[in-house]
Structure formats: structure tokens, C-alpha cells
Amino acid sequence: MERRIITAITGGIGSGKSYVASLLRKRGIEVYDCDAAAKQIMRQSGDIQNALAELIGKPVIVDGQLNKRAIAEFLLESERNKQAINDIVHPAVARDFEQSGLTWIESAILFESNFNSRTHIDRVVCVVAPKRVRVKRIVERDHITASQARQWIDSQTPQQIIARQSDYVIVNDGVKDIEQQLEQLL
């Protein structure tokens, strides 16, 4: 049986990973979305909900909805908190990805969560964008302040470090042609 070649797309919040993944989908390449999968798994798994509620000290599900505010507040308090959440959620996401049979995966925190050590990844594509562009995208998408957007960006590993750990870099600055960069990658 031929081994699948797994490609991960990563990059900081607001860099445009999801946009690049959407362009791949338009080309017929299905991309596993780690963030969406993590949310779904947190909503559906009683074991994960219980573990997170015990860790955070607050219910993870409120009125049938994910308590994103409580999770985000806890996550932003410290690196230790962030890693504790990752250690609960990401093993389940890795198992789900492996069972999906897909060969492309989108993960915002591929290296930070050690997701790349939870499942085999052959090559990594990092999507980067200037901080001002990322802040603008996050503010528009999440309806938060620029200060809050910068806090999210600053809570993540700097994109230059992620880019150095990656095999390919796609610049999504609103100027460089994304389609052309994607074509070269493929």
C-alpha cells in the first residue's frame, strides 16, 4: 500500500491559512480543518468536555454552545494553560485526521501544539502576512478591537519562526499573487 504524503498548512491568526485552504478546495483538494474539527470534538465528546471543565474551572458547553469566551480567557492567561488545553484536545484531533484519509491539513498551531509530533507530516506550508494586515483581517472577521487582535497575534509564536520551520512559505499580503504561489507549490 502506498503511503500518503501529508502536507500541513500553518501560519498565525489572520495570515490567510483558511483562504489558501479554500483555494485548494476549489482545485478539488480536500483540506482537513483542525480548528473546526477541534470545536466539533469539544462539542461532541463528553470526556473532553469534562476534562476541559475540570481544567478551566468553568463549563465548556453553555446552553448547548461552546463557551469560547471562557476557553479563550483561560488560554490567553499563560503558555501553560494553552499547552494544557492542547494536550486534551489535540490527540483526539490527530486521531480524527488520521481516520479521515485526507492528505492536506490546516492547523494554526501545528508546531506550538506539537501537532506535528502527534501525526506524520511530510511537508509544511506556512502562510504569512504583515502584522497590520493580520490585525485588520482579525478585527473584521471576529468583530474585536485592534488591541485584542494584537494580543492574539502576540500570544502565538512569531510567524518568522514558523516560516523557518516550514518547507514552503506563501506570502498573503494582498499584493503578491496567491494563485501563482500556490501553482508553484503544487
# chains A, B, ... in the order shown; residues from 1 in each chain; ligands from 1

$ residues_around --residues "Ile138 in chain A" --least-positions-apart "2" --cutoff "12 Å" --atoms "only C-alpha atoms" --output "mmCIF file with C-alpha atoms, in the first residue's frame"
data_model
loop_
_atom_site.group_PDB
_atom_site.id
_atom_site.type_symbol
_atom_site.label_atom_id
_atom_site.label_comp_id
_atom_site.auth_asym_id
_atom_site.auth_seq_id
_atom_site.Cartn_x
_atom_site.Cartn_y
_atom_site.Cartn_z
ATOM 1 C CA GLY A 12 -0.553 32.729 12.600
ATOM 2 C CA ILE A 13 -4.029 34.062 13.163
ATOM 3 C CA GLY A 14 -5.124 36.344 10.338
ATOM 4 C CA SER A 15 -2.400 35.181 7.955
ATOM 5 C CA GLY A 16 -4.847 33.690 5.469
ATOM 6 C CA LYS A 131 1.024 42.275 11.192
ATOM 7 C CA ARG A 132 -1.060 45.313 10.196
ATOM 8 C CA VAL A 133 -2.844 43.225 7.541
ATOM 9 C CA ARG A 134 -3.438 40.420 10.035
ATOM 10 C CA VAL A 135 -4.843 42.826 12.647
ATOM 11 C CA LYS A 136 -7.252 44.303 10.077
ATOM 12 C CA GLU A 140 -13.184 42.494 10.559
ATOM 13 C CA ARG A 141 -13.682 38.737 10.940
ATOM 14 C CA ASP A 142 -14.080 38.469 14.726
ATOM 15 C CA HIS A 143 -15.541 41.930 15.466
ATOM 16 C CA ILE A 144 -12.958 42.648 18.162
ATOM 17 C CA THR A 145 -10.699 45.623 18.828
ATOM 18 C CA ALA A 146 -7.320 46.054 17.193
ATOM 19 C CA SER A 147 -5.775 45.740 20.654
ATOM 20 C CA GLN A 148 -7.449 42.361 21.187
ATOM 21 C CA ALA A 149 -6.322 41.230 17.721
ATOM 22 C CA ARG A 150 -2.723 42.207 18.503
ATOM 23 C CA GLN A 151 -2.992 40.296 21.804
ATOM 24 C CA TRP A 152 -3.988 37.148 19.895
ATOM 25 C CA ILE A 153 -1.142 37.622 17.416
#

$ residues_around --residues "Leu23 in chain A" --least-positions-apart "5" --cutoff "12 Å" --atoms "only C-alpha atoms" --output "list of chain:residue names"
A:Gly16, A:Lys17, A:Ser18, A:Gly28, A:Ile29, A:Glu30, A:Val31, A:Ile178, A:Glu179, A:Gln180, A:Gln181, A:Leu182, A:Glu183, A:Leu186

$ residues_around --residues "range 35-51 of chain A" --least-positions-apart "6" --cutoff "10 Å" --atoms "only C-alpha atoms" --output "PyMOL selection string"
chain A and resi 57-61+64-68+85-86+88-94+96-97+106-109

$ write_last_selection --atoms "N, CA and C atoms" --output "JSON list (two decimals), in the first residue's frame"
[["chain", "number", "residue", "atom", "x", "y", "z"],
["A", 57, "GLY", "N", -12.20, 25.21, 35.08],
["A", 57, "GLY", "CA", -12.98, 25.59, 36.25],
["A", 57, "GLY", "C", -14.33, 26.17, 35.89],
["A", 58, "LYS", "N", -14.69, 26.09, 34.63],
["A", 58, "LYS", "CA", -15.98, 26.59, 34.15],
["A", 58, "LYS", "C", -16.52, 25.59, 33.12],
["A", 59, "PRO", "N", -17.85, 25.56, 32.96],
["A", 59, "PRO", "CA", -18.42, 24.67, 31.94],
["A", 59, "PRO", "C", -17.91, 25.04, 30.54],
["A", 60, "VAL", "N", -17.66, 24.04, 29.73],
["A", 60, "VAL", "CA", -17.19, 24.25, 28.36],
["A", 60, "VAL", "C", -18.38, 24.43, 27.42],
["A", 61, "ILE", "N", -19.50, 23.82, 27.77],
["A", 61, "ILE", "CA", -20.72, 23.95, 26.98],
["A", 61, "ILE", "C", -21.75, 24.71, 27.83],
["A", 64, "GLY", "N", -25.91, 24.64, 25.25],
["A", 64, "GLY", "CA", -25.67, 23.87, 24.03],
["A", 64, "GLY", "C", -24.60, 24.43, 23.13],
["A", 65, "GLN", "N", -23.95, 25.52, 23.55],
["A", 65, "GLN", "CA", -22.92, 26.16, 22.72],
["A", 65, "GLN", "C", -21.56, 26.09, 23.41],
["A", 66, "LEU", "N", -20.50, 26.04, 22.62],
["A", 66, "LEU", "CA", -19.14, 26.06, 23.14],
["A", 66, "LEU", "C", -18.92, 27.39, 23.85],
["A", 67, "ASN", "N", -18.42, 27.35, 25.06],
["A", 67, "ASN", "CA", -18.14, 28.55, 25.86],
["A", 67, "ASN", "C", -16.78, 29.10, 25.43],
["A", 68, "LYS", "N", -16.75, 29.69, 24.23],
["A", 68, "LYS", "CA", -15.49, 30.16, 23.64],
["A", 68, "LYS", "C", -14.83, 31.24, 24.49],
["A", 85, "ILE", "N", -4.65, 22.81, 27.41],
["A", 85, "ILE", "CA", -5.81, 22.63, 26.52],
["A", 85, "ILE", "C", -5.41, 21.80, 25.30],
["A", 86, "ASN", "N", -4.26, 22.14, 24.69],
["A", 86, "ASN", "CA", -3.79, 21.40, 23.53],
["A", 86, "ASN", "C", -3.61, 19.91, 23.85],
["A", 88, "ILE", "N", -5.23, 18.13, 25.86],
["A", 88, "ILE", "CA", -6.53, 17.45, 25.99],
["A", 88, "ILE", "C", -7.18, 17.27, 24.62],
["A", 89, "VAL", "N", -7.16, 18.33, 23.82],
["A", 89, "VAL", "CA", -7.93, 18.33, 22.57],
["A", 89, "VAL", "C", -7.17, 17.72, 21.39],
["A", 90, "HIS", "N", -5.89, 18.02, 21.25],
["A", 90, "HIS", "CA", -5.19, 17.67, 20.01],
["A", 90, "HIS", "C", -4.94, 16.19, 19.77],
["A", 91, "PRO", "N", -4.78, 15.36, 20.79],
["A", 91, "PRO", "CA", -4.68, 13.92, 20.48],
["A", 91, "PRO", "C", -5.94, 13.40, 19.78],
["A", 92, "ALA", "N", -7.11, 13.89, 20.19],
["A", 92, "ALA", "CA", -8.37, 13.47, 19.55],
["A", 92, "ALA", "C", -8.45, 14.01, 18.12],
["A", 93, "VAL", "N", -7.99, 15.23, 17.91],
["A", 93, "VAL", "CA", -8.00, 15.81, 16.56],
["A", 93, "VAL", "C", -7.04, 15.03, 15.66],
["A", 94, "ALA", "N", -5.87, 14.68, 16.16],
["A", 94, "ALA", "CA", -4.90, 13.91, 15.37],
["A", 94, "ALA", "C", -5.49, 12.56, 14.96],
["A", 96, "ASP", "N", -8.65, 11.84, 14.64],
["A", 96, "ASP", "CA", -9.71, 12.12, 13.68],
["A", 96, "ASP", "C", -9.12, 12.39, 12.29],
["A", 97, "PHE", "N", -8.03, 13.17, 12.23],
["A", 97, "PHE", "CA", -7.37, 13.44, 10.94],
["A", 97, "PHE", "C", -6.87, 12.14, 10.31],
["A", 106, "GLU", "N", -5.02, 21.74, 7.68],
["A", 106, "GLU", "CA", -4.82, 23.14, 8.06],
["A", 106, "GLU", "C", -4.79, 23.21, 9.58],
["A", 107, "SER", "N", -3.67, 23.69, 10.13],
["A", 107, "SER", "CA", -3.53, 23.80, 11.58],
["A", 107, "SER", "C", -2.82, 25.10, 11.93],
["A", 108, "ALA", "N", -3.54, 25.96, 12.63],
["A", 108, "ALA", "CA", -2.98, 27.25, 13.02],
["A", 108, "ALA", "C", -1.79, 27.09, 13.96],
["A", 109, "ILE", "N", -1.84, 26.08, 14.80],
["A", 109, "ILE", "CA", -0.81, 25.92, 15.84],
["A", 109, "ILE", "C", -0.11, 24.57, 15.70]]

$ select_by_dssp --residues "chain A" --states "strand (DSSP E or B)" --output "list in words"
Thr7, Ala8, Ile9, Thr10, Val31, Tyr32, Asp33, Ile61, Val62, Gln65, Leu66, Trp104, Ile105, Glu106, Arg123, Val124, Val125, Cys126, Val127, Val128, Tyr168, Val169, Ile170 and Val171 of chain A

$ select_by_dssp --residues "range 2-179 of chain A" --states "alpha helix (DSSP H)" --output "PyMOL selection string"
chain A and resi 17-26+34-44+46-56+68-77+79-100+115-118+131-142+146-155+159-165+178-179

$ write_last_selection --atoms "C-alpha atoms" --output "CSV table (one decimal), in the first residue's frame"
chain,number,residue,atom,x,y,z
A,17,LYS,CA,-4.4,29.9,6.0
A,18,SER,CA,-8.1,29.3,5.5
A,19,TYR,CA,-8.1,31.4,2.4
A,20,VAL,CA,-5.3,29.3,0.9
A,21,ALA,CA,-7.1,26.1,2.0
A,22,SER,CA,-10.3,27.4,0.2
A,23,LEU,CA,-8.2,27.9,-3.0
A,24,LEU,CA,-7.0,24.3,-2.7
A,25,ARG,CA,-10.6,23.1,-2.2
A,26,LYS,CA,-11.6,25.0,-5.4
A,34,CYS,CA,-8.1,21.3,12.6
A,35,ASP,CA,-9.8,24.3,14.2
A,36,ALA,CA,-13.3,23.2,13.0
A,37,ALA,CA,-12.6,19.6,14.0
A,38,ALA,CA,-11.4,20.7,17.5
A,39,LYS,CA,-14.6,22.7,18.0
A,40,GLN,CA,-16.7,19.8,16.8
A,41,ILE,CA,-14.9,17.3,19.0
A,42,MET,CA,-15.2,19.6,22.0
A,43,ARG,CA,-18.9,19.9,21.4
A,44,GLN,CA,-19.4,16.2,20.9
A,46,GLY,CA,-18.3,14.3,26.9
A,47,ASP,CA,-14.9,13.1,28.1
A,48,ILE,CA,-13.1,16.1,26.5
A,49,GLN,CA,-15.8,18.5,27.9
A,50,ASN,CA,-15.3,17.1,31.4
A,51,ALA,CA,-11.5,17.3,31.2
A,52,LEU,CA,-11.7,20.9,29.9
A,53,ALA,CA,-14.2,21.9,32.5
A,54,GLU,CA,-12.1,20.4,35.3
A,55,LEU,CA,-9.0,22.3,33.9
A,56,ILE,CA,-10.7,25.6,33.3
A,68,LYS,CA,-15.5,30.2,23.6
A,69,ARG,CA,-15.1,33.1,25.9
A,70,ALA,CA,-14.1,31.0,29.0
A,71,ILE,CA,-11.8,28.9,26.9
A,72,ALA,CA,-10.1,31.9,25.3
A,73,GLU,CA,-9.7,33.7,28.6
A,74,PHE,CA,-8.1,30.7,30.1
A,75,LEU,CA,-5.9,30.0,27.1
A,76,LEU,CA,-4.6,33.6,27.0
A,77,GLU,CA,-3.6,33.6,30.7
A,79,GLU,CA,1.6,29.3,28.0
A,80,ARG,CA,1.0,26.5,30.5
A,81,ASN,CA,-2.8,26.9,30.1
A,82,LYS,CA,-2.6,26.9,26.3
A,83,GLN,CA,-0.5,23.7,26.4
A,84,ALA,CA,-2.8,22.0,28.9
A,85,ILE,CA,-5.8,22.6,26.5
A,86,ASN,CA,-3.8,21.4,23.5
A,87,ASP,CA,-2.8,18.2,25.4
A,88,ILE,CA,-6.5,17.5,26.0
A,89,VAL,CA,-7.9,18.3,22.6
A,90,HIS,CA,-5.2,17.7,20.0
A,91,PRO,CA,-4.7,13.9,20.5
A,92,ALA,CA,-8.4,13.5,19.6
A,93,VAL,CA,-8.0,15.8,16.6
A,94,ALA,CA,-4.9,13.9,15.4
A,95,ARG,CA,-6.8,10.6,15.6
A,96,ASP,CA,-9.7,12.1,13.7
A,97,PHE,CA,-7.4,13.4,10.9
A,98,GLU,CA,-5.7,10.1,10.6
A,99,GLN,CA,-9.0,8.4,10.2
A,100,SER,CA,-10.1,10.9,7.6
A,115,PHE,CA,0.5,18.5,16.5
A,116,ASN,CA,3.3,17.7,14.1
A,117,SER,CA,4.6,15.1,16.6
A,118,ARG,CA,1.0,13.7,17.1
A,131,LYS,CA,1.0,42.3,11.2
A,132,ARG,CA,-1.1,45.3,10.2
A,133,VAL,CA,-2.8,43.2,7.5
A,134,ARG,CA,-3.4,40.4,10.0
A,135,VAL,CA,-4.8,42.8,12.6
A,136,LYS,CA,-7.3,44.3,10.1
A,137,ARG,CA,-8.4,40.8,9.0
A,138,ILE,CA,-9.0,39.7,12.6
A,139,VAL,CA,-10.9,42.8,13.6
A,140,GLU,CA,-13.2,42.5,10.6
A,141,ARG,CA,-13.7,38.7,10.9
A,142,ASP,CA,-14.1,38.5,14.7
A,146,ALA,CA,-7.3,46.1,17.2
A,147,SER,CA,-5.8,45.7,20.7
A,148,GLN,CA,-7.4,42.4,21.2
A,149,ALA,CA,-6.3,41.2,17.7
A,150,ARG,CA,-2.7,42.2,18.5
A,151,GLN,CA,-3.0,40.3,21.8
A,152,TRP,CA,-4.0,37.1,19.9
A,153,ILE,CA,-1.1,37.6,17.4
A,154,ASP,CA,1.4,38.3,20.2
A,155,SER,CA,0.2,35.2,22.1
A,159,GLN,CA,5.5,33.9,12.1
A,160,GLN,CA,9.2,34.2,11.1
A,161,ILE,CA,9.9,31.3,13.5
A,162,ILE,CA,7.1,29.2,12.0
A,163,ALA,CA,8.3,30.1,8.5
A,164,ARG,CA,11.8,28.9,9.3
A,165,GLN,CA,10.4,25.5,10.4
A,178,ILE,CA,-1.5,33.8,-4.1
A,179,GLU,CA,-2.7,31.7,-7.1

$ closest_residue --among "A:Val62, A:Asp173, A:Tyr168, A:Leu185" --to "Ala129 in chain A" --atoms "only C-alpha atoms"
A:Asp173

$ atom_distance --atom1 "CA of Leu110 in chain A" --atom2 "CA of Val124 in chain A"
9.1 Å

$ closest_residue --among "A:Val125, A:Gly11, A:Val175, A:Ile105" --to "Pro158 in chain A" --atoms "only C-alpha atoms"
A:Gly11

$ atom_distance --atom1 "CA of Val169 in chain A" --atom2 "CA of Cys126 in chain A"
4.8 Å

$ closest_residue --among "A:Thr103, A:Gln156, A:Ile170, A:Gln184" --to "Thr119 in chain A" --atoms "only C-alpha atoms"
A:Thr103

$ closest_residue --among "A:Asn114, A:His120, A:Asp33, A:Asp167" --to "Arg3 in chain A" --atoms "only C-alpha atoms"
A:His120

$ atom_distance --atom1 "CA of Ile6 in chain A" --atom2 "CA of Asp122 in chain A"
5.2 Å
